[in-house]
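A.B. asks: The structure under discussion is supplied below as structure tokens; questions concerning it will follow.
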Amino acid sequence: MRRLIVPLLFLATSANASLSVLVYDINTGHHIVSENAEVVRPVASITKLMTAIVSLETYSLDSRVARRVTVRDLLTTLLVQSDNHASEMLARYHPDGRRGFLAAMNAKAQQLGLKNTHFDDPSGLISTNTSTAVELAKLVEVAGQYEFIRYASSQVERNTNKPILERFRNILVSKTGFTTSAGRCVALLVDRAGSNHAIIILGEPTRHARDTLAQNLLLTVSSIK
């Protein structure tokens, strides 16, 4: 029932008719809010969730890249500040090189059943890093299974999603994204009384519009009985 009503309530205020939005109840498999959720589109720095997953499956957190910086430090700046250089360093020093790292990202996507998800760079700067809101909900769910991703991405200070994280303390995983082709994006994993929900927003025209919609969707999740 909410699926028919809630999108009209929230999305009518958006200036972008091509917006993709999904609120997904992971425990029940229900789409609480769904709008253009299966449209394939650029995902910007939400890419970095997969970069983090592959890095954690490749390196130990205390291993050093280029003898200078730990994987722990690179992943922290990647997840908190969305640092593109950190993404590239993690990819470049993969045992099979940058190309091997990207192959591992795409192989992981296929392993997870993300048939419409593809990565051509580890940071999300190019428009051919694509997915759908439905598949990103699965990605953020899997990212939430990694303790370090939960820890780092939900840190408030210096976080690219700081205003939302300051207001809502039940966010387990958070990753924003922006490029001209992708618009303003965010992927969230939220805990509500022990039940997890994925919230995906792709293609908002401004940060303010994205944050306003994200807050409304978080409040919707909080109000579910």
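Every chain in the structure tokens has a letter given in the order shown (A, B, ...), and although residue numbers restart at 1 in each chain, ligands are simply numbered from 1 in the order shown.
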Using only C-alpha atoms, find each residue in stretch 113-201 of chain A having at least one atom no more than 6 Å away from stretch 43-66 of chain A; report its shortest atom-to-atom pair and that distance in Å (one decimal), rows by chain then rising number, as a Markdown table.
C.D. replies:
```
| residue | atom | partner | partner_atom | distance |
| --- | --- | --- | --- | --- |
| A:Pro122 | CA | A:Thr51 | CA | 5.9 |
| A:Ser123 | CA | A:Lys48 | CA | 5.7 |
| A:Gly124 | CA | A:Ala44 | CA | 4.2 |
| A:Leu125 | CA | A:Ala44 | CA | 5.9 |
| A:Thr130 | CA | A:Val43 | CA | 5.5 |
| A:Lys175 | CA | A:Ile46 | CA | 5.8 |
| A:Gly177 | CA | A:Ser45 | CA | 4.2 |
| A:Phe178 | CA | A:Ala44 | CA | 5.4 |
| A:Thr179 | CA | A:Ala44 | CA | 5.8 |
| A:Ala182 | CA | A:Val43 | CA | 5.8 |
```
A.B. asks: DSSP on the backbone: what in stretch 92-122 of chain A comes out helix (DSSP H, G or I), as a list in words?
C.D. replies: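 After running DSSP on the backbone, stretch 92-122 of chain A has helix (DSSP H, G or I) at Arg92, Gly97, Arg98, Arg99, Gly100, Phe101, Leu102, Ala103, Ala104, Met105, Asn106, Ala107, Lys108, Ala109, Gln110 and Gln111 of chain A.
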A.B. asks: How would the residues just chosen look if you wrote them out with all heavy atoms as a compact mmCIF listing (two decimals), in the first residue's frame?
C.D. replies:
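Generated output (result_33.txt):
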```
# COMPACT_ATOMS: atom_id res chain seq x y z
N ARG A 92 45.53 0.15 -7.64
CA ARG A 92 46.82 0.06 -8.32
C ARG A 92 47.73 -1.00 -7.71
O ARG A 92 48.51 -1.64 -8.42
CB ARG A 92 47.50 1.43 -8.27
CG ARG A 92 48.71 1.58 -9.19
CD ARG A 92 49.29 2.97 -9.09
NE ARG A 92 48.25 3.99 -9.19
CZ ARG A 92 48.17 5.04 -8.37
NH1 ARG A 92 49.04 5.22 -7.41
NH2 ARG A 92 47.20 5.92 -8.54
N GLY A 97 47.25 -5.88 -10.30
CA GLY A 97 47.21 -4.53 -10.84
C GLY A 97 45.81 -3.94 -10.86
O GLY A 97 44.82 -4.56 -10.46
N ARG A 98 45.72 -2.72 -11.37
CA ARG A 98 44.45 -2.00 -11.41
C ARG A 98 43.41 -2.77 -12.21
O ARG A 98 42.24 -2.85 -11.84
CB ARG A 98 44.66 -0.62 -12.01
CG ARG A 98 43.44 0.30 -11.97
CD ARG A 98 43.80 1.66 -12.56
NE ARG A 98 42.73 2.62 -12.39
CZ ARG A 98 41.71 2.78 -13.25
NH1 ARG A 98 41.65 2.00 -14.33
NH2 ARG A 98 40.78 3.69 -13.03
N ARG A 99 43.84 -3.32 -13.35
CA ARG A 99 42.90 -4.08 -14.18
C ARG A 99 42.36 -5.29 -13.42
O ARG A 99 41.18 -5.62 -13.52
CB ARG A 99 43.59 -4.52 -15.47
CG ARG A 99 42.67 -5.24 -16.44
CD ARG A 99 43.38 -5.53 -17.75
NE ARG A 99 43.76 -4.32 -18.44
CZ ARG A 99 44.40 -4.29 -19.61
NH1 ARG A 99 44.74 -5.44 -20.20
NH2 ARG A 99 44.70 -3.14 -20.18
N GLY A 100 43.23 -5.94 -12.67
CA GLY A 100 42.81 -7.08 -11.87
C GLY A 100 41.85 -6.68 -10.77
O GLY A 100 40.91 -7.43 -10.44
N PHE A 101 42.07 -5.51 -10.18
CA PHE A 101 41.17 -5.01 -9.14
C PHE A 101 39.77 -4.77 -9.73
O PHE A 101 38.76 -5.17 -9.13
CB PHE A 101 41.72 -3.73 -8.53
CG PHE A 101 40.99 -3.27 -7.31
CD1 PHE A 101 41.43 -3.65 -6.05
CD2 PHE A 101 39.87 -2.45 -7.39
CE1 PHE A 101 40.76 -3.23 -4.90
CE2 PHE A 101 39.20 -2.03 -6.25
CZ PHE A 101 39.65 -2.42 -5.00
N LEU A 102 39.72 -4.13 -10.89
CA LEU A 102 38.43 -3.88 -11.53
C LEU A 102 37.74 -5.19 -11.92
O LEU A 102 36.52 -5.32 -11.78
CB LEU A 102 38.62 -2.99 -12.76
CG LEU A 102 39.04 -1.55 -12.47
CD1 LEU A 102 39.41 -0.84 -13.76
CD2 LEU A 102 37.93 -0.80 -11.74
N ALA A 103 38.53 -6.15 -12.37
CA ALA A 103 37.96 -7.46 -12.69
C ALA A 103 37.36 -8.10 -11.45
O ALA A 103 36.29 -8.72 -11.50
CB ALA A 103 39.03 -8.37 -13.30
N ALA A 104 38.04 -7.92 -10.31
CA ALA A 104 37.53 -8.47 -9.05
C ALA A 104 36.24 -7.76 -8.63
O ALA A 104 35.32 -8.40 -8.11
CB ALA A 104 38.58 -8.34 -7.95
N MET A 105 36.15 -6.46 -8.86
CA MET A 105 34.92 -5.72 -8.56
C MET A 105 33.75 -6.25 -9.38
O MET A 105 32.66 -6.48 -8.86
CB MET A 105 35.12 -4.23 -8.83
CG MET A 105 36.06 -3.53 -7.86
SD MET A 105 36.36 -1.79 -8.32
CE MET A 105 34.74 -1.05 -7.99
N ASN A 106 33.98 -6.44 -10.67
CA ASN A 106 32.91 -6.92 -11.55
C ASN A 106 32.57 -8.38 -11.28
O ASN A 106 31.40 -8.78 -11.37
CB ASN A 106 33.29 -6.69 -13.00
CG ASN A 106 33.21 -5.22 -13.38
OD1 ASN A 106 32.19 -4.57 -13.18
ND2 ASN A 106 34.29 -4.68 -13.91
N ALA A 107 33.58 -9.17 -10.93
CA ALA A 107 33.31 -10.56 -10.56
C ALA A 107 32.48 -10.65 -9.29
O ALA A 107 31.57 -11.49 -9.18
CB ALA A 107 34.63 -11.32 -10.39
N LYS A 108 32.76 -9.77 -8.33
CA LYS A 108 31.99 -9.75 -7.08
C LYS A 108 30.55 -9.35 -7.37
O LYS A 108 29.60 -9.92 -6.80
CB LYS A 108 32.62 -8.78 -6.08
CG LYS A 108 32.00 -8.82 -4.70
CD LYS A 108 32.27 -10.14 -4.01
CE LYS A 108 31.72 -10.17 -2.59
NZ LYS A 108 32.01 -11.46 -1.91
N ALA A 109 30.37 -8.38 -8.26
CA ALA A 109 29.01 -7.98 -8.64
C ALA A 109 28.24 -9.15 -9.23
O ALA A 109 27.08 -9.38 -8.88
CB ALA A 109 29.07 -6.82 -9.63
N GLN A 110 28.87 -9.90 -10.10
CA GLN A 110 28.21 -11.06 -10.70
C GLN A 110 27.93 -12.14 -9.65
O GLN A 110 26.87 -12.77 -9.66
CB GLN A 110 29.07 -11.63 -11.83
CG GLN A 110 29.17 -10.71 -13.03
CD GLN A 110 27.81 -10.34 -13.60
OE1 GLN A 110 27.02 -11.21 -13.97
NE2 GLN A 110 27.52 -9.06 -13.67
N GLN A 111 28.88 -12.35 -8.74
CA GLN A 111 28.68 -13.32 -7.66
C GLN A 111 27.47 -12.97 -6.82
O GLN A 111 26.73 -13.85 -6.37
CB GLN A 111 29.93 -13.36 -6.79
CG GLN A 111 29.82 -14.31 -5.60
CD GLN A 111 30.99 -14.15 -4.63
OE1 GLN A 111 32.09 -13.75 -5.02
NE2 GLN A 111 30.76 -14.45 -3.37
```
A.B. asks: Give me, as a list in words, all polymer residues having an atom no more than 8 Å from stretch 139-148 of chain A, counting only C-alpha atoms and skipping those fewer than 4 positions away in the same chain.
C.D. replies: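 These residues fall inside the cut-off: Ile26, Leu49, Met50, Ile53, Glu135, Ala152, Leu172, Val173, Ala187, Leu188, Leu189 and Ala198 of chain A.
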A.B. asks: Print the selection's residues with all heavy atoms to a file, as a compact mmCIF listing (two decimals), in the first residue's frame.
C.D. replies:
```
# COMPACT_ATOMS: atom_id res chain seq x y z
N ILE A 26 14.90 -5.24 4.06
CA ILE A 26 15.74 -6.40 3.80
C ILE A 26 15.16 -7.65 4.45
O ILE A 26 15.24 -8.75 3.89
CB ILE A 26 17.17 -6.13 4.29
CG1 ILE A 26 17.82 -5.05 3.40
CG2 ILE A 26 18.02 -7.39 4.30
CD1 ILE A 26 19.11 -4.49 3.94
N LEU A 49 31.69 1.55 -2.27
CA LEU A 49 31.29 0.42 -1.42
C LEU A 49 31.86 -0.89 -1.96
O LEU A 49 32.35 -1.73 -1.20
CB LEU A 49 29.76 0.34 -1.32
CG LEU A 49 29.08 1.45 -0.53
CD1 LEU A 49 27.56 1.26 -0.60
CD2 LEU A 49 29.55 1.48 0.92
N MET A 50 31.81 -1.05 -3.29
CA MET A 50 32.41 -2.25 -3.87
C MET A 50 33.93 -2.20 -3.79
O MET A 50 34.58 -3.24 -3.56
CB MET A 50 31.96 -2.42 -5.32
CG MET A 50 32.48 -3.71 -5.96
SD MET A 50 31.86 -5.22 -5.15
CE MET A 50 30.31 -5.44 -6.05
N ILE A 53 34.74 -3.40 -0.36
CA ILE A 53 34.52 -4.84 -0.21
C ILE A 53 35.68 -5.63 -0.83
O ILE A 53 36.24 -6.53 -0.19
CB ILE A 53 33.18 -5.24 -0.85
CG1 ILE A 53 32.01 -4.72 -0.02
CG2 ILE A 53 33.09 -6.77 -1.00
CD1 ILE A 53 30.66 -4.85 -0.69
N GLU A 135 19.71 -3.01 -7.32
CA GLU A 135 20.96 -3.73 -7.13
C GLU A 135 21.86 -3.03 -6.11
O GLU A 135 22.61 -3.70 -5.37
CB GLU A 135 21.67 -3.91 -8.47
CG GLU A 135 20.87 -4.84 -9.39
CD GLU A 135 21.62 -5.31 -10.61
OE1 GLU A 135 22.80 -4.90 -10.80
OE2 GLU A 135 21.05 -6.11 -11.37
N ALA A 152 33.56 2.69 9.61
CA ALA A 152 34.12 3.87 8.96
C ALA A 152 33.06 4.74 8.30
O ALA A 152 33.05 5.96 8.45
CB ALA A 152 35.17 3.45 7.92
N LEU A 172 23.72 2.43 9.62
CA LEU A 172 24.81 1.46 9.73
C LEU A 172 25.87 1.66 8.65
O LEU A 172 27.06 1.51 8.90
CB LEU A 172 24.25 0.04 9.63
CG LEU A 172 23.18 -0.35 10.65
CD1 LEU A 172 22.65 -1.75 10.34
CD2 LEU A 172 23.74 -0.29 12.06
N VAL A 173 25.43 1.97 7.43
CA VAL A 173 26.33 2.20 6.30
C VAL A 173 25.84 3.43 5.56
O VAL A 173 24.63 3.58 5.33
CB VAL A 173 26.37 0.99 5.34
CG1 VAL A 173 27.22 1.31 4.11
CG2 VAL A 173 26.89 -0.25 6.04
N ALA A 187 23.51 6.06 -0.72
CA ALA A 187 23.09 4.69 -0.37
C ALA A 187 23.23 4.55 1.14
O ALA A 187 24.29 4.85 1.70
CB ALA A 187 23.96 3.66 -1.08
N LEU A 188 22.16 4.11 1.79
CA LEU A 188 22.15 3.97 3.25
C LEU A 188 21.67 2.59 3.64
O LEU A 188 20.78 2.02 2.99
CB LEU A 188 21.21 5.00 3.88
CG LEU A 188 21.46 6.48 3.58
CD1 LEU A 188 20.30 7.32 4.11
CD2 LEU A 188 22.77 6.93 4.19
N LEU A 189 22.25 2.07 4.71
CA LEU A 189 21.71 0.89 5.39
C LEU A 189 21.30 1.34 6.78
O LEU A 189 22.12 1.89 7.53
CB LEU A 189 22.74 -0.22 5.46
CG LEU A 189 22.28 -1.53 6.11
CD1 LEU A 189 21.19 -2.19 5.27
CD2 LEU A 189 23.45 -2.49 6.32
N ALA A 198 17.37 -0.74 3.34
CA ALA A 198 18.26 -0.04 2.42
C ALA A 198 17.50 1.14 1.83
O ALA A 198 16.34 1.01 1.44
CB ALA A 198 18.73 -0.97 1.31
```
A.B. asks: Measuring atom to atom with only C-alpha atoms, identify which of A:Arg158, A:His30, A:His118, A:Lys138 is nearest to A:Thr77.
C.D. replies: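 Smallest distance to A:Thr77 is found for A:Arg158.
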A.B. asks: Quick one: DSSP strand (DSSP E or B) residues in chain A, as a PyMOL selection string?
C.D. replies: chain A and resi 20-25+30-35+41-42+64-65+69-70+118+130-131+171-179+183-192+195-204
A.B. asks: Tell me, as a PyMOL selection string, which residues lie within 9 Å of A:Leu19, counting only C-alpha atoms; anything in the same chain fewer than 5 positions away does not count.
C.D. replies: chain A and resi 11+14+35-37+201-205
A.B. asks: Could you dump the residues just selected with N, CA, C and O atoms as an mmCIF file, in the first residue's frame?
C.D. replies:
```cif
data_model
loop_
_atom_site.group_PDB
_atom_site.id
_atom_site.type_symbol
_atom_site.label_atom_id
_atom_site.label_comp_id
_atom_site.auth_asym_id
_atom_site.auth_seq_id
_atom_site.Cartn_x
_atom_site.Cartn_y
_atom_site.Cartn_z
ATOM 1 N N LEU A 11 8.222 12.340 -4.002
ATOM 2 C CA LEU A 11 8.871 12.623 -5.263
ATOM 3 C C LEU A 11 8.205 13.761 -6.016
ATOM 4 O O LEU A 11 8.807 14.349 -6.904
ATOM 5 N N SER A 14 10.319 16.801 -5.951
ATOM 6 C CA SER A 14 11.632 16.766 -6.584
ATOM 7 C C SER A 14 11.581 17.465 -7.930
ATOM 8 O O SER A 14 10.622 17.355 -8.684
ATOM 9 N N GLU A 35 10.629 3.963 -7.063
ATOM 10 C CA GLU A 35 10.410 4.848 -8.207
ATOM 11 C C GLU A 35 11.606 4.722 -9.147
ATOM 12 O O GLU A 35 12.742 5.028 -8.760
ATOM 13 N N ASN A 36 11.377 4.234 -10.354
ATOM 14 C CA ASN A 36 12.456 4.038 -11.330
ATOM 15 C C ASN A 36 13.600 3.203 -10.740
ATOM 16 O O ASN A 36 14.777 3.428 -11.054
ATOM 17 N N ALA A 37 13.243 2.237 -9.916
ATOM 18 C CA ALA A 37 14.253 1.518 -9.143
ATOM 19 C C ALA A 37 15.050 0.517 -9.967
ATOM 20 O O ALA A 37 16.092 0.037 -9.511
ATOM 21 N N ILE A 201 19.021 6.646 -3.237
ATOM 22 C CA ILE A 201 18.578 7.810 -4.015
ATOM 23 C C ILE A 201 19.617 8.060 -5.097
ATOM 24 O O ILE A 201 20.804 8.202 -4.806
ATOM 25 N N LEU A 202 19.170 8.122 -6.342
ATOM 26 C CA LEU A 202 20.060 8.376 -7.471
ATOM 27 C C LEU A 202 19.490 9.503 -8.324
ATOM 28 O O LEU A 202 18.311 9.473 -8.683
ATOM 29 N N GLY A 203 20.313 10.492 -8.636
ATOM 30 C CA GLY A 203 19.941 11.483 -9.635
ATOM 31 C C GLY A 203 19.289 12.749 -9.135
ATOM 32 O O GLY A 203 18.715 13.493 -9.941
ATOM 33 N N GLU A 204 19.382 13.041 -7.839
ATOM 34 C CA GLU A 204 18.854 14.334 -7.375
ATOM 35 C C GLU A 204 19.725 15.462 -7.938
ATOM 36 O O GLU A 204 20.942 15.318 -8.082
ATOM 37 N N PRO A 205 19.123 16.607 -8.254
ATOM 38 C CA PRO A 205 19.896 17.692 -8.880
ATOM 39 C C PRO A 205 20.795 18.460 -7.914
ATOM 40 O O PRO A 205 21.799 19.025 -8.332
#
```
A.B. asks: For stretch 163-169 of chain A, work out the shell of residues within 10 Å, counting only C-alpha atoms and skipping chain neighbours fewer than 5 positions away, then give it as a ChimeraX atom specification.
C.D. replies: /A:153-157,174,190-191,211-212,214-215,218-219
A.B. asks: Based on the selection just made, write C-alpha atoms of those residues as a short mmCIF file (atom, residue, chain, number, x, y, z; two decimals), in the first residue's frame.
C.D. replies:
```cif
data_model
loop_
_atom_site.label_atom_id
_atom_site.label_comp_id
_atom_site.auth_asym_id
_atom_site.auth_seq_id
_atom_site.Cartn_x
_atom_site.Cartn_y
_atom_site.Cartn_z
CA SER A 153 31.19 4.92 6.77
CA SER A 154 29.04 5.92 9.76
CA GLN A 155 31.68 8.20 11.32
CA VAL A 156 30.18 11.67 11.52
CA GLU A 157 33.17 14.02 11.49
CA SER A 174 26.43 5.51 4.45
CA VAL A 190 19.47 1.69 8.33
CA ASP A 191 18.62 -0.23 11.48
CA ASP A 211 19.33 15.41 1.83
CA THR A 212 15.71 16.53 2.17
CA ALA A 214 16.81 11.20 2.46
CA GLN A 215 15.50 12.69 5.69
CA LEU A 218 14.44 7.93 6.99
CA LEU A 219 11.45 9.33 8.85
#
```
A.B. asks: So what do you get for atom CA of A:Thr160 versus atom CA of A:Ile32, distance-wise?
C.D. replies: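 The value is 25.9 Å.
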A.B. asks: Hey, which of A:Glu38, A:Ser20, A:Ser181, A:Val221 ends up closest to A:Asn196? Count only C-alpha atoms.
C.D. replies: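 For A:Asn196, the nearest of the given residues is A:Val221.
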A.B. asks: Report, in Å to a single decimal, how far apart atom CA of A:Ser18 and atom CA of A:Asn116 are.
C.D. replies: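 Value for the atom CA of A:Asn116-atom CA of A:Ser18 distance: 17.9 Å.
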